[in-house]
$ cat model.txt   # compact mmCIF, C-alpha atoms (C1' of nucleotides)
# COMPACT_ATOMS: atom_id res chain seq x y z
CA MET A 138 -4.50 -25.73 4.87
CA PRO A 139 -6.88 -24.08 7.33
CA PRO A 140 -9.75 -22.59 5.40
CA ASN A 141 -9.19 -18.88 5.49
CA ILE A 142 -11.22 -17.53 8.34
CA ALA A 143 -13.15 -14.29 8.13
CA LEU A 144 -11.82 -11.58 10.40
CA PRO A 145 -14.43 -9.23 11.85
CA CYS A 146 -12.13 -6.19 11.69
CA LEU A 147 -12.19 -4.28 8.43
CA CYS A 148 -8.66 -3.03 8.97
CA ALA A 149 -7.34 -6.49 9.73
CA SER A 150 -9.12 -7.86 6.66
CA PHE A 151 -7.58 -5.23 4.44
CA ARG A 152 -4.14 -5.60 5.93
CA ARG A 153 -4.34 -9.36 5.42
CA ALA A 154 -5.51 -8.96 1.84
CA SER A 155 -2.70 -6.47 1.27
CA ARG A 156 -0.15 -8.97 2.53
CA ALA A 157 -1.55 -11.63 0.22
CA LEU A 158 -1.56 -9.27 -2.76
CA THR A 159 1.91 -7.99 -1.94
CA GLN A 160 3.18 -11.57 -2.06
CA VAL A 161 1.99 -12.19 -5.60
CA TYR A 162 2.97 -8.76 -6.89
CA ASP A 163 6.41 -8.99 -5.30
CA ASP A 164 6.82 -12.46 -6.79
CA ALA A 165 5.98 -11.09 -10.23
CA LEU A 166 8.40 -8.19 -9.87
CA ARG A 167 11.22 -10.07 -8.15
CA PRO A 168 13.10 -10.86 -11.36
CA LEU A 169 13.45 -7.10 -11.79
CA GLY A 170 14.78 -6.51 -8.31
CA LEU A 171 11.77 -4.35 -7.60
CA ARG A 172 9.07 -4.53 -4.95
CA VAL A 173 5.56 -3.39 -5.43
CA THR A 174 6.09 -0.49 -3.02
CA GLN A 175 8.79 0.99 -5.19
CA PHE A 176 6.96 0.06 -8.36
CA THR A 177 4.01 2.07 -7.05
CA ILE A 178 6.20 5.11 -6.60
CA LEU A 179 7.61 4.76 -10.10
CA GLN A 180 4.07 4.54 -11.44
CA ALA A 181 2.87 7.50 -9.39
CA LEU A 182 5.74 9.62 -10.67
CA ALA A 183 4.97 8.62 -14.24
CA LEU A 184 1.34 9.62 -13.72
CA THR A 185 2.18 13.00 -12.22
CA SER A 186 5.35 13.79 -14.17
CA GLU A 187 6.59 16.02 -11.36
CA ILE A 188 5.43 16.28 -7.76
CA SER A 189 6.72 17.38 -4.39
CA GLN A 190 7.50 14.82 -1.74
CA GLY A 191 4.64 16.05 0.41
CA GLU A 192 2.12 15.84 -2.40
CA LEU A 193 3.33 12.35 -3.22
CA GLY A 194 2.74 11.48 0.41
CA HIS A 195 -0.82 12.76 0.12
CA LEU A 196 -1.39 10.85 -3.08
CA LEU A 197 -0.20 7.61 -1.51
CA VAL A 198 -1.68 8.37 1.91
CA MET A 199 1.76 7.90 3.34
CA ASP A 200 3.69 9.99 5.83
CA SER A 201 6.07 12.14 3.86
CA THR A 202 8.89 11.24 6.22
CA THR A 203 8.43 7.61 5.26
CA LEU A 204 9.12 8.65 1.70
CA THR A 205 12.42 10.24 2.73
CA ARG A 206 14.09 6.85 3.12
CA THR A 207 12.38 5.02 0.29
CA LEU A 208 13.19 7.85 -2.11
CA ARG A 209 16.78 7.81 -0.93
CA LEU A 210 17.04 4.15 -1.94
CA MET A 211 15.44 4.80 -5.29
CA ARG A 212 17.66 7.79 -5.93
CA ALA A 213 20.68 5.64 -5.08
CA ARG A 214 19.49 3.19 -7.73
CA GLY A 215 19.29 6.07 -10.16
CA TRP A 216 15.55 5.92 -10.81
CA ILE A 217 14.58 9.29 -9.41
CA GLU A 218 15.80 12.84 -9.77
CA GLU A 219 15.20 15.54 -7.22
CA ARG A 220 15.37 19.28 -7.35
CA PRO A 221 14.49 21.92 -4.77
CA GLY A 222 11.36 23.94 -5.38
CA LYS A 223 10.96 27.69 -5.40
CA ASP A 224 10.01 27.06 -1.82
CA ARG A 225 13.39 25.73 -0.87
CA ARG A 226 11.97 23.47 1.81
CA GLU A 227 10.34 21.36 -0.85
CA ARG A 228 11.81 18.56 -2.91
CA TRP A 229 10.38 18.05 -6.34
CA LEU A 230 10.60 14.58 -7.80
CA ARG A 231 10.53 13.06 -11.23
CA LEU A 232 11.58 9.86 -12.91
CA SER A 233 15.03 9.71 -14.41
CA ALA A 234 15.55 8.05 -17.77
CA ALA A 235 16.67 4.92 -15.92
CA GLY A 236 13.55 5.11 -13.80
CA GLN A 237 11.32 5.27 -16.85
CA LYS A 238 13.16 2.33 -18.31
CA GLN A 239 12.78 0.31 -15.12
CA LEU A 240 9.11 1.18 -14.98
CA GLN A 241 8.64 0.02 -18.56
CA ARG A 242 10.34 -3.28 -17.85
CA ALA A 243 8.33 -3.85 -14.70
CA THR A 244 5.07 -2.97 -16.40
CA VAL A 245 5.21 -6.18 -18.45
CA PRO A 246 4.86 -8.72 -15.61
CA TRP A 247 2.70 -6.29 -13.66
CA GLU A 248 0.24 -6.03 -16.53
CA SER A 249 0.12 -9.81 -16.86
CA LEU A 250 -0.70 -10.17 -13.22
CA GLN A 251 -3.30 -7.42 -13.34
CA ASP A 252 -4.94 -9.11 -16.33
CA ARG A 253 -4.95 -12.43 -14.56
CA LEU A 254 -6.58 -11.00 -11.46
CA ARG A 255 -9.00 -8.88 -13.46
CA SER A 256 -10.27 -11.93 -15.32
CA ARG A 257 -10.39 -13.85 -12.07
CA PHE A 258 -12.67 -11.30 -10.46
CA GLY A 259 -14.45 -10.11 -13.57
CA ALA A 260 -14.21 -6.59 -14.90
CA ALA A 261 -17.20 -5.22 -13.00
CA ARG A 262 -16.05 -6.48 -9.64
CA TRP A 263 -12.46 -5.47 -10.39
CA ASN A 264 -13.57 -1.92 -11.04
CA ARG A 265 -15.66 -1.83 -7.91
CA LEU A 266 -12.70 -3.08 -5.91
CA LEU A 267 -10.41 -0.39 -7.24
CA GLN A 268 -13.02 2.28 -6.71
CA THR A 269 -13.86 1.21 -3.18
CA ALA A 270 -10.22 0.97 -2.19
CA THR A 271 -9.61 4.43 -3.60
CA GLU A 272 -12.64 5.80 -1.82
CA MET A 273 -11.47 4.28 1.43
CA SER A 274 -8.13 6.02 1.00
CA HIS A 275 -9.61 9.43 1.60
CA GLY A 276 -12.90 9.14 3.33
CA VAL A 277 -12.69 6.94 6.37
CA MET B 137 -5.49 18.98 -1.09
CA PRO B 138 -5.04 16.83 -4.21
CA PRO B 139 -8.20 14.89 -4.87
CA ASN B 140 -7.32 11.33 -4.15
CA ILE B 141 -6.23 9.86 -7.42
CA ALA B 142 -7.14 6.37 -8.52
CA LEU B 143 -4.18 4.04 -8.75
CA PRO B 144 -4.34 1.45 -11.50
CA CYS B 145 -2.58 -1.21 -9.43
CA LEU B 146 -4.84 -3.36 -7.28
CA CYS B 147 -2.05 -4.02 -4.81
CA ALA B 148 -1.15 -0.35 -4.52
CA SER B 149 -4.81 0.52 -4.04
CA PHE B 150 -5.17 -2.00 -1.26
CA ARG B 151 -1.95 -1.03 0.41
CA ARG B 152 -3.00 2.60 0.33
CA ALA B 153 -6.43 1.80 1.73
CA SER B 154 -4.75 -0.29 4.42
CA ARG B 155 -2.56 2.64 5.41
CA ALA B 156 -5.60 4.91 5.63
CA LEU B 157 -7.53 2.37 7.68
CA THR B 158 -4.57 1.67 9.91
CA GLN B 159 -4.39 5.37 10.71
CA VAL B 160 -7.94 5.57 12.01
CA TYR B 161 -7.81 2.23 13.82
CA ASP B 162 -4.49 3.07 15.44
CA ASP B 163 -5.89 6.44 16.48
CA ALA B 164 -8.85 4.73 18.10
CA LEU B 165 -6.64 2.24 19.92
CA ARG B 166 -3.84 4.63 20.87
CA PRO B 167 -5.26 5.46 24.32
CA LEU B 168 -4.83 1.78 25.11
CA GLY B 169 -1.23 1.62 23.96
CA LEU B 170 -2.24 -0.89 21.33
CA ARG B 171 -1.91 -0.92 17.55
CA VAL B 172 -4.29 -2.60 15.23
CA THR B 173 -1.67 -5.20 14.32
CA GLN B 174 -1.46 -6.43 17.88
CA PHE B 175 -5.17 -6.00 18.43
CA THR B 176 -5.70 -8.32 15.46
CA ILE B 177 -3.55 -10.96 17.08
CA LEU B 178 -5.43 -10.67 20.36
CA GLN B 179 -8.69 -11.07 18.48
CA ALA B 180 -7.43 -14.00 16.46
CA LEU B 181 -6.31 -15.76 19.61
CA ALA B 182 -9.69 -15.15 21.22
CA LEU B 183 -11.39 -16.63 18.17
CA THR B 184 -9.22 -19.73 18.09
CA SER B 185 -8.65 -20.18 21.82
CA GLU B 186 -5.37 -21.99 21.13
CA ILE B 187 -3.29 -22.16 17.98
CA SER B 188 0.27 -22.82 16.91
CA GLN B 189 2.43 -20.00 15.65
CA GLY B 190 2.47 -21.49 12.17
CA GLU B 191 -1.28 -21.83 12.01
CA LEU B 192 -1.67 -18.28 13.22
CA GLY B 193 0.62 -17.25 10.40
CA HIS B 194 -1.63 -19.06 7.94
CA LEU B 195 -4.71 -17.47 9.40
CA LEU B 196 -3.25 -13.99 9.09
CA VAL B 197 -1.41 -14.72 5.82
CA MET B 198 1.76 -13.66 7.53
CA ASP B 199 5.18 -15.26 7.56
CA SER B 200 5.46 -17.18 10.81
CA THR B 201 8.90 -15.69 11.42
CA THR B 202 7.32 -12.26 11.43
CA LEU B 203 5.18 -13.43 14.29
CA THR B 204 8.25 -14.43 16.28
CA ARG B 205 9.08 -10.82 17.07
CA THR B 206 5.55 -9.48 17.46
CA LEU B 207 4.66 -12.32 19.80
CA ARG B 208 7.79 -11.67 21.80
CA LEU B 209 6.63 -8.08 22.41
CA MET B 210 3.15 -9.21 23.35
CA ARG B 211 4.47 -11.89 25.66
CA ALA B 212 6.69 -9.27 27.31
CA ARG B 213 3.54 -7.21 27.92
CA GLY B 214 1.98 -10.26 29.50
CA TRP B 215 -0.85 -10.70 27.01
CA ILE B 216 0.12 -14.06 25.61
CA GLU B 217 1.12 -17.40 27.02
CA GLU B 218 3.11 -19.98 25.11
CA ARG B 219 3.66 -23.66 25.60
CA PRO B 220 5.48 -26.21 23.45
CA GLY B 221 3.35 -28.70 21.56
CA LYS B 222 3.60 -32.47 21.53
CA ASP B 223 5.70 -31.73 18.48
CA ARG B 224 8.32 -29.83 20.36
CA ARG B 225 9.19 -27.64 17.40
CA GLU B 226 5.82 -25.98 17.72
CA ARG B 227 4.74 -23.13 19.97
CA TRP B 228 1.13 -23.09 21.03
CA LEU B 229 -0.35 -19.74 21.88
CA ARG B 230 -3.26 -18.49 23.90
CA LEU B 231 -4.39 -15.31 25.56
CA SER B 232 -3.40 -14.76 29.16
CA ALA B 233 -5.92 -13.29 31.58
CA ALA B 234 -4.25 -9.90 31.05
CA GLY B 235 -4.52 -10.41 27.30
CA GLN B 236 -8.25 -11.10 27.55
CA LYS B 237 -8.67 -8.02 29.68
CA GLN B 238 -6.74 -5.87 27.23
CA LEU B 239 -8.79 -7.25 24.37
CA GLN B 240 -11.99 -6.41 26.20
CA ARG B 241 -10.88 -2.85 26.83
CA ALA B 242 -9.78 -2.37 23.25
CA THR B 243 -12.98 -3.84 21.88
CA VAL B 244 -14.94 -0.80 23.06
CA PRO B 245 -13.35 1.85 20.82
CA TRP B 246 -12.84 -0.72 18.07
CA GLU B 247 -16.54 -1.55 18.04
CA SER B 248 -17.44 2.15 17.90
CA LEU B 249 -15.19 2.63 14.93
CA GLN B 250 -16.49 -0.45 13.19
CA ASP B 251 -20.05 0.76 13.72
CA ARG B 252 -19.19 4.16 12.36
CA LEU B 253 -17.61 2.72 9.25
CA ARG B 254 -20.35 0.15 8.79
CA SER B 255 -23.01 2.83 8.79
CA ARG B 256 -20.87 4.93 6.50
CA PHE B 257 -20.67 2.19 3.88
CA GLY B 258 -24.00 0.55 4.58
CA ALA B 259 -24.36 -2.98 5.87
CA ALA B 260 -24.58 -4.65 2.46
CA ARG B 261 -21.46 -3.00 1.12
CA TRP B 262 -19.65 -3.53 4.40
CA ASN B 263 -20.33 -7.24 4.23
CA ARG B 264 -19.21 -7.42 0.63
CA LEU B 265 -16.00 -5.62 1.56
CA LEU B 266 -15.21 -8.03 4.35
CA GLN B 267 -16.04 -11.00 2.19
CA THR B 268 -14.00 -9.83 -0.77
CA ALA B 269 -11.01 -8.97 1.37
CA THR B 270 -11.21 -12.41 2.97
CA GLU B 271 -11.52 -14.08 -0.39
CA MET B 272 -8.53 -12.18 -1.67
CA SER B 273 -6.51 -13.43 1.26
CA HIS B 274 -6.48 -16.96 -0.01
CA GLY B 275 -7.27 -17.04 -3.67
CA VAL B 276 -5.12 -14.64 -5.58
C1' DC C 59 18.16 -48.32 13.89
C1' DC C 60 20.24 -44.72 10.75
C1' DC C 61 20.29 -41.36 7.64
C1' DA C 62 18.20 -38.04 4.51
C1' DT C 63 14.72 -34.88 4.07
C1' DA C 64 11.29 -31.94 5.59
C1' DA C 65 8.98 -28.96 8.86
C1' DA C 66 8.71 -25.26 12.88
C1' DG C 67 10.67 -21.51 14.55
C1' DA C 68 14.78 -18.36 15.69
C1' DT C 69 17.98 -15.15 13.98
C1' DG C 70 20.28 -11.89 10.64
C1' DT C 71 19.28 -8.46 7.45
C1' DA C 72 16.77 -5.28 4.60
C1' DT C 73 12.70 -2.60 3.50
C1' DA C 74 8.20 -0.26 4.88
C1' DC C 75 5.90 2.52 7.92
C1' DA C 76 4.59 6.18 11.51
C1' DC C 77 5.40 9.43 15.21
C1' DA C 78 8.25 12.74 17.92
C1' DT C 79 11.41 15.97 17.42
C1' DC C 80 14.63 18.88 15.05
C1' DT C 81 16.16 22.30 11.31
C1' DA C 82 15.47 25.32 7.73
C1' DT C 83 12.35 27.97 5.50
C1' DT C 84 8.23 30.57 4.62
C1' DG C 85 4.48 33.72 5.57
C1' DC C 86 2.11 36.82 8.36
C1' DA C 87 0.74 40.08 12.17
C1' DG C 88 2.06 44.08 13.97
C1' DC D 246 11.13 45.16 9.11
C1' DT D 247 10.80 41.91 13.00
C1' DG D 248 9.44 38.16 15.36
C1' DC D 249 6.58 34.16 15.62
C1' DA D 250 3.71 30.52 14.06
C1' DA D 251 3.27 27.20 10.48
C1' DT D 252 5.13 24.11 6.93
C1' DA D 253 8.56 20.77 4.40
C1' DG D 254 11.40 17.64 5.07
C1' DA D 255 15.40 15.08 7.84
C1' DT D 256 16.55 12.26 11.64
C1' DG D 257 15.91 9.13 15.75
C1' DT D 258 13.37 5.38 17.30
C1' DG D 259 10.23 1.58 17.42
C1' DT D 260 7.12 -1.67 15.13
C1' DA D 261 5.74 -4.53 10.96
C1' DT D 262 7.05 -7.29 7.32
C1' DA D 263 9.54 -10.89 4.39
C1' DC D 264 13.36 -13.78 2.94
C1' DA D 265 17.71 -16.48 3.62
C1' DT D 266 19.80 -19.23 6.62
C1' DC D 267 20.42 -21.88 10.79
C1' DT D 268 19.03 -25.15 14.61
C1' DT D 269 16.11 -28.44 16.45
C1' DT D 270 12.92 -31.93 15.96
C1' DA D 271 10.11 -35.10 13.39
C1' DT D 272 9.34 -38.63 9.72
C1' DG D 273 10.02 -41.99 6.24
C1' DG D 274 12.92 -45.22 3.54
C1' DG D 275 16.53 -48.34 3.69
$ encode --input "model.txt" --output "structure tokens"
Amino acid sequence: MPPNIALPCLCASFRRASRALTQVYDDALRPLGLRVTQFTILQALALTSEISQGELGHLLVMDSTTLTRTLRLMRARGWIEERPGKDRRERWLRLSAAGQKQLQRATVPWESLQDRLRSRFGAARWNRLLQTATEMSHGV
Amino acid sequence: MPPNIALPCLCASFRRASRALTQVYDDALRPLGLRVTQFTILQALALTSEISQGELGHLLVMDSTTLTRTLRLMRARGWIEERPGKDRRERWLRLSAAGQKQLQRATVPWESLQDRLRSRFGAARWNRLLQTATEMSHGV
DNA sequence: CCCATAAAGATGTATACACATCTATTGCAG
DNA sequence: CTGCAATAGATGTGTATACATCTTTATGGG
């Protein structure tokens, strides 16, 4: 009801936008029992095929110890397989068959939502948004 | 080490950017014992002077029950005062004197960081970023 | 006035997230 | 080779976040 007020803080603006986006993405994925956070990890693993936990943390700009618990949940659901690396401190991750299947299922509503938002913003602006967000993930 | 890879998902991109931004903002505010989440609430209360918990939730696109716990912490620190509304289900919030003081202190490093990022992106792009993020907080 | 429904928040529960600290490794200087 | 610093990840703790459910209060229809 209150017109959405501009926040002067870039971080606050992005966090707020993230909450709003998370709502719609989680809504779209809810029938699959999946949240966008875990969907993102499935997608990242599909893109990289195999990656260590630390490298995944870098990729997602997320503390690798945060991944410890999320990955534990996903492993319990059977979506992820782990093996130790040559460096035995490392854990190397990849999608299991069930994880690939779950990712495929989830990609359907995700793609619909992406298409909807892309046409809402227009392709040019959509691409700028993705690029700027990506840029902000390393630089700042 | 890995060049930051583009994520195809808009939500994932924004969440990742939010994590990166939160890192630098939290670093800037850490000497004050304040995180950007609570700083945002202080700032929102300064902007609105007085607001109900539900309206604050709308403003921040945040479930009002999430605010219950954050506000409890901030009230315990003495930064926020609450009073019941005419509608006695409501809680009306405003900054205490200590809250205004804390906001003032925190605004110094926050402003420096904002300036740094603004000059990094350029004013035009900075403004577009803020506007787009704000727009995304209602529309989507 | 009375009841049914809706709205505002509180509480229970689960996930997401980061930092401090700990353990197990690795790699390197000597 | 040995010992020590650095790294990968696990664990403890505290905050952030949402949803389901509950309680209290308001509101509207009879």
$ interface_residues --input "model.txt" --of "chain C" --to "chain A" --cutoff "8 Å" --atoms "all atoms listed in the file" --output "number ranges by chain"
C: 74-76, 82-84
$ atom_distance --input "model.txt" --atom1 "CA of Leu266 (chain B)" --atom2 "CA of Gln189 (chain B)"
24.1 Å
$ calpha_fit_and_write --input "model.txt" --fixed "chain A" --moving "chain B" --output "compact mmCIF listing (two decimals) with C-alpha atoms, keeping the file's coordinate frame"
# COMPACT_ATOMS: atom_id res chain seq x y z
CA MET B 137 -4.58 -25.99 5.52
CA PRO B 138 -7.01 -24.02 7.70
CA PRO B 139 -9.77 -22.61 5.55
CA ASN B 140 -9.19 -18.92 5.53
CA ILE B 141 -11.24 -17.54 8.35
CA ALA B 142 -13.17 -14.30 8.11
CA LEU B 143 -11.84 -11.59 10.37
CA PRO B 144 -14.43 -9.25 11.81
CA CYS B 145 -12.14 -6.22 11.67
CA LEU B 146 -12.21 -4.28 8.42
CA CYS B 147 -8.67 -3.05 8.95
CA ALA B 148 -7.35 -6.52 9.71
CA SER B 149 -9.13 -7.88 6.65
CA PHE B 150 -7.58 -5.25 4.43
CA ARG B 151 -4.15 -5.62 5.91
CA ARG B 152 -4.34 -9.36 5.40
CA ALA B 153 -5.51 -8.97 1.82
CA SER B 154 -2.71 -6.48 1.26
CA ARG B 155 -0.15 -8.98 2.51
CA ALA B 156 -1.54 -11.65 0.19
CA LEU B 157 -1.54 -9.28 -2.77
CA THR B 158 1.91 -8.00 -1.96
CA GLN B 159 3.18 -11.57 -2.07
CA VAL B 160 2.00 -12.19 -5.62
CA TYR B 161 2.98 -8.75 -6.90
CA ASP B 162 6.42 -8.98 -5.32
CA ASP B 163 6.84 -12.44 -6.82
CA ALA B 164 5.99 -11.07 -10.25
CA LEU B 165 8.40 -8.17 -9.87
CA ARG B 166 11.23 -10.05 -8.16
CA PRO B 167 13.12 -10.83 -11.39
CA LEU B 168 13.45 -7.09 -11.81
CA GLY B 169 14.79 -6.48 -8.33
CA LEU B 170 11.77 -4.34 -7.60
CA ARG B 171 9.06 -4.52 -4.95
CA VAL B 172 5.55 -3.37 -5.42
CA THR B 173 6.10 -0.49 -3.00
CA GLN B 174 8.79 1.00 -5.19
CA PHE B 175 6.97 0.08 -8.36
CA THR B 176 4.01 2.08 -7.04
CA ILE B 177 6.21 5.11 -6.60
CA LEU B 178 7.60 4.78 -10.11
CA GLN B 179 4.07 4.57 -11.45
CA ALA B 180 2.87 7.50 -9.40
CA LEU B 181 5.73 9.62 -10.66
CA ALA B 182 4.96 8.64 -14.24
CA LEU B 183 1.34 9.64 -13.71
CA THR B 184 2.17 13.01 -12.20
CA SER B 185 5.33 13.80 -14.17
CA GLU B 186 6.58 16.01 -11.33
CA ILE B 187 5.42 16.27 -7.74
CA SER B 188 6.72 17.36 -4.37
CA GLN B 189 7.51 14.81 -1.71
CA GLY B 190 4.64 16.04 0.43
CA GLU B 191 2.13 15.82 -2.38
CA LEU B 192 3.34 12.34 -3.20
CA GLY B 193 2.75 11.46 0.42
CA HIS B 194 -0.81 12.75 0.13
CA LEU B 195 -1.37 10.83 -3.06
CA LEU B 196 -0.19 7.59 -1.50
CA VAL B 197 -1.66 8.35 1.95
CA MET B 198 1.78 7.88 3.37
CA ASP B 199 3.70 9.96 5.87
CA SER B 200 6.09 12.13 3.89
CA THR B 201 8.92 11.20 6.25
CA THR B 202 8.44 7.59 5.26
CA LEU B 203 9.14 8.63 1.72
CA THR B 204 12.43 10.20 2.74
CA ARG B 205 14.09 6.82 3.13
CA THR B 206 12.39 5.01 0.26
CA LEU B 207 13.21 7.84 -2.11
CA ARG B 208 16.80 7.80 -0.93
CA LEU B 209 17.07 4.13 -1.96
CA MET B 210 15.46 4.80 -5.31
CA ARG B 211 17.66 7.80 -5.95
CA ALA B 212 20.70 5.65 -5.11
CA ARG B 213 19.51 3.20 -7.78
CA GLY B 214 19.30 6.10 -10.20
CA TRP B 215 15.56 5.94 -10.82
CA ILE B 216 14.60 9.30 -9.41
CA GLU B 217 15.82 12.84 -9.77
CA GLU B 218 15.21 15.55 -7.20
CA ARG B 219 15.39 19.29 -7.35
CA PRO B 220 14.50 21.92 -4.75
CA GLY B 221 11.35 23.94 -5.36
CA LYS B 222 10.93 27.69 -5.41
CA ASP B 223 10.00 27.06 -1.80
CA ARG B 224 13.36 25.70 -0.85
CA ARG B 225 11.95 23.45 1.85
CA GLU B 226 10.34 21.35 -0.83
CA ARG B 227 11.81 18.53 -2.90
CA TRP B 228 10.38 18.04 -6.35
CA LEU B 229 10.61 14.58 -7.79
CA ARG B 230 10.53 13.06 -11.23
CA LEU B 231 11.57 9.88 -12.94
CA SER B 232 15.03 9.73 -14.43
CA ALA B 233 15.54 8.08 -17.80
CA ALA B 234 16.67 4.94 -15.95
CA GLY B 235 13.54 5.14 -13.81
CA GLN B 236 11.31 5.30 -16.88
CA LYS B 237 13.14 2.34 -18.34
CA GLN B 238 12.77 0.33 -15.16
CA LEU B 239 9.10 1.20 -15.01
CA GLN B 240 8.63 0.03 -18.57
CA ARG B 241 10.33 -3.28 -17.88
CA ALA B 242 8.33 -3.84 -14.72
CA THR B 243 5.07 -2.95 -16.41
CA VAL B 244 5.21 -6.16 -18.46
CA PRO B 245 4.86 -8.70 -15.63
CA TRP B 246 2.69 -6.28 -13.67
CA GLU B 247 0.24 -6.00 -16.55
CA SER B 248 0.11 -9.79 -16.90
CA LEU B 249 -0.70 -10.15 -13.25
CA GLN B 250 -3.30 -7.42 -13.35
CA ASP B 251 -4.93 -9.10 -16.34
CA ARG B 252 -4.94 -12.42 -14.59
CA LEU B 253 -6.56 -10.99 -11.49
CA ARG B 254 -8.99 -8.88 -13.48
CA SER B 255 -10.26 -11.91 -15.34
CA ARG B 256 -10.38 -13.83 -12.10
CA PHE B 257 -12.67 -11.28 -10.47
CA GLY B 258 -14.44 -10.10 -13.59
CA ALA B 259 -14.19 -6.58 -14.92
CA ALA B 260 -17.20 -5.20 -13.04
CA ARG B 261 -16.04 -6.47 -9.68
CA TRP B 262 -12.47 -5.45 -10.41
CA ASN B 263 -13.57 -1.90 -11.08
CA ARG B 264 -15.67 -1.82 -7.94
CA LEU B 265 -12.69 -3.06 -5.94
CA LEU B 266 -10.40 -0.37 -7.27
CA GLN B 267 -13.02 2.29 -6.74
CA THR B 268 -13.85 1.23 -3.21
CA ALA B 269 -10.22 0.96 -2.21
CA THR B 270 -9.62 4.44 -3.62
CA GLU B 271 -12.64 5.81 -1.84
CA MET B 272 -11.48 4.28 1.41
CA SER B 273 -8.15 6.01 1.01
CA HIS B 274 -9.63 9.41 1.60
CA GLY B 275 -12.95 9.12 3.31
CA VAL B 276 -12.72 6.93 6.35
$ interface_residues --input "model.txt" --of "chain D" --to "chain B" --cutoff "12 Å" --atoms "all atoms listed in the file" --output "ChimeraX atom specification"
/D:259-265,268-272
$ interface_residues --input "model.txt" --of "chain B" --to "chain A" --cutoff "7 Å" --atoms "only C-alpha atoms" --output "PyMOL selection string"
chain B and resi 140-142+146-158+176+195-197+266+269-270+272-274
$ atom_distance --input "model.txt" --atom1 "CA of Ala165 (chain A)" --atom2 "CA of Ala260 (chain A)"
21.2 Å
$ residues_around --input "model.txt" --residues "Met210 (chain B)" --least-positions-apart "2" --cutoff "10 Å" --atoms "only C-alpha atoms (C1' of nucleotides)" --output "mmCIF file with C-alpha atoms, keeping the file's coordinate frame"
data_model
loop_
_atom_site.group_PDB
_atom_site.id
_atom_site.type_symbol
_atom_site.label_atom_id
_atom_site.label_comp_id
_atom_site.auth_asym_id
_atom_site.auth_seq_id
_atom_site.Cartn_x
_atom_site.Cartn_y
_atom_site.Cartn_z
ATOM 1 C CA GLN B 174 -1.460 -6.430 17.880
ATOM 2 C CA ILE B 177 -3.550 -10.960 17.080
ATOM 3 C CA LEU B 178 -5.430 -10.670 20.360
ATOM 4 C CA ARG B 205 9.080 -10.820 17.070
ATOM 5 C CA THR B 206 5.550 -9.480 17.460
ATOM 6 C CA LEU B 207 4.660 -12.320 19.800
ATOM 7 C CA ARG B 208 7.790 -11.670 21.800
ATOM 8 C CA ALA B 212 6.690 -9.270 27.310
ATOM 9 C CA ARG B 213 3.540 -7.210 27.920
ATOM 10 C CA GLY B 214 1.980 -10.260 29.500
ATOM 11 C CA TRP B 215 -0.850 -10.700 27.010
ATOM 12 C CA ILE B 216 0.120 -14.060 25.610
ATOM 13 C CA GLU B 217 1.120 -17.400 27.020
ATOM 14 C CA LEU B 231 -4.390 -15.310 25.560
ATOM 15 C CA GLY B 235 -4.520 -10.410 27.300
#
$ atom_distance --input "model.txt" --atom1 "CA of Gly190 (chain B)" --atom2 "CA of Asp164 (chain A)"
21.4 Å
$ residues_near_point --input "model.txt" --point "(18.8, 18.1, 9.1)" --cutoff "7 Å" --atoms "only C-alpha atoms (C1' of nucleotides)" --output "VMD selection string"
(chain C and resid 81) or (chain D and resid 255 to 256)
$ write_last_selection --input "model.txt" --atoms "C-alpha atoms (C1' of nucleotides)" --output "compact mmCIF listing (two decimals), in the coordinates of the input"
# COMPACT_ATOMS: atom_id res chain seq x y z
C1' DT C 81 16.16 22.30 11.31
C1' DA D 255 15.40 15.08 7.84
C1' DT D 256 16.55 12.26 11.64
$ axis_aligned_box --input "model.txt" --around "region 73-84 of chain C" --padding-each-side "3 Å" --output "lines of an AutoDock Vina configuration file"
center_x = 10.4
center_y = 14.0
center_z = 10.7
size_x = 17.6
size_y = 39.2
size_z = 20.4
$ closest_residue --input "model.txt" --among "A:Pro168, A:Gln239, A:Ile188, A:Gly194" --to "Arg220 (chain A)" --atoms "only C-alpha atoms"
A:Ile188
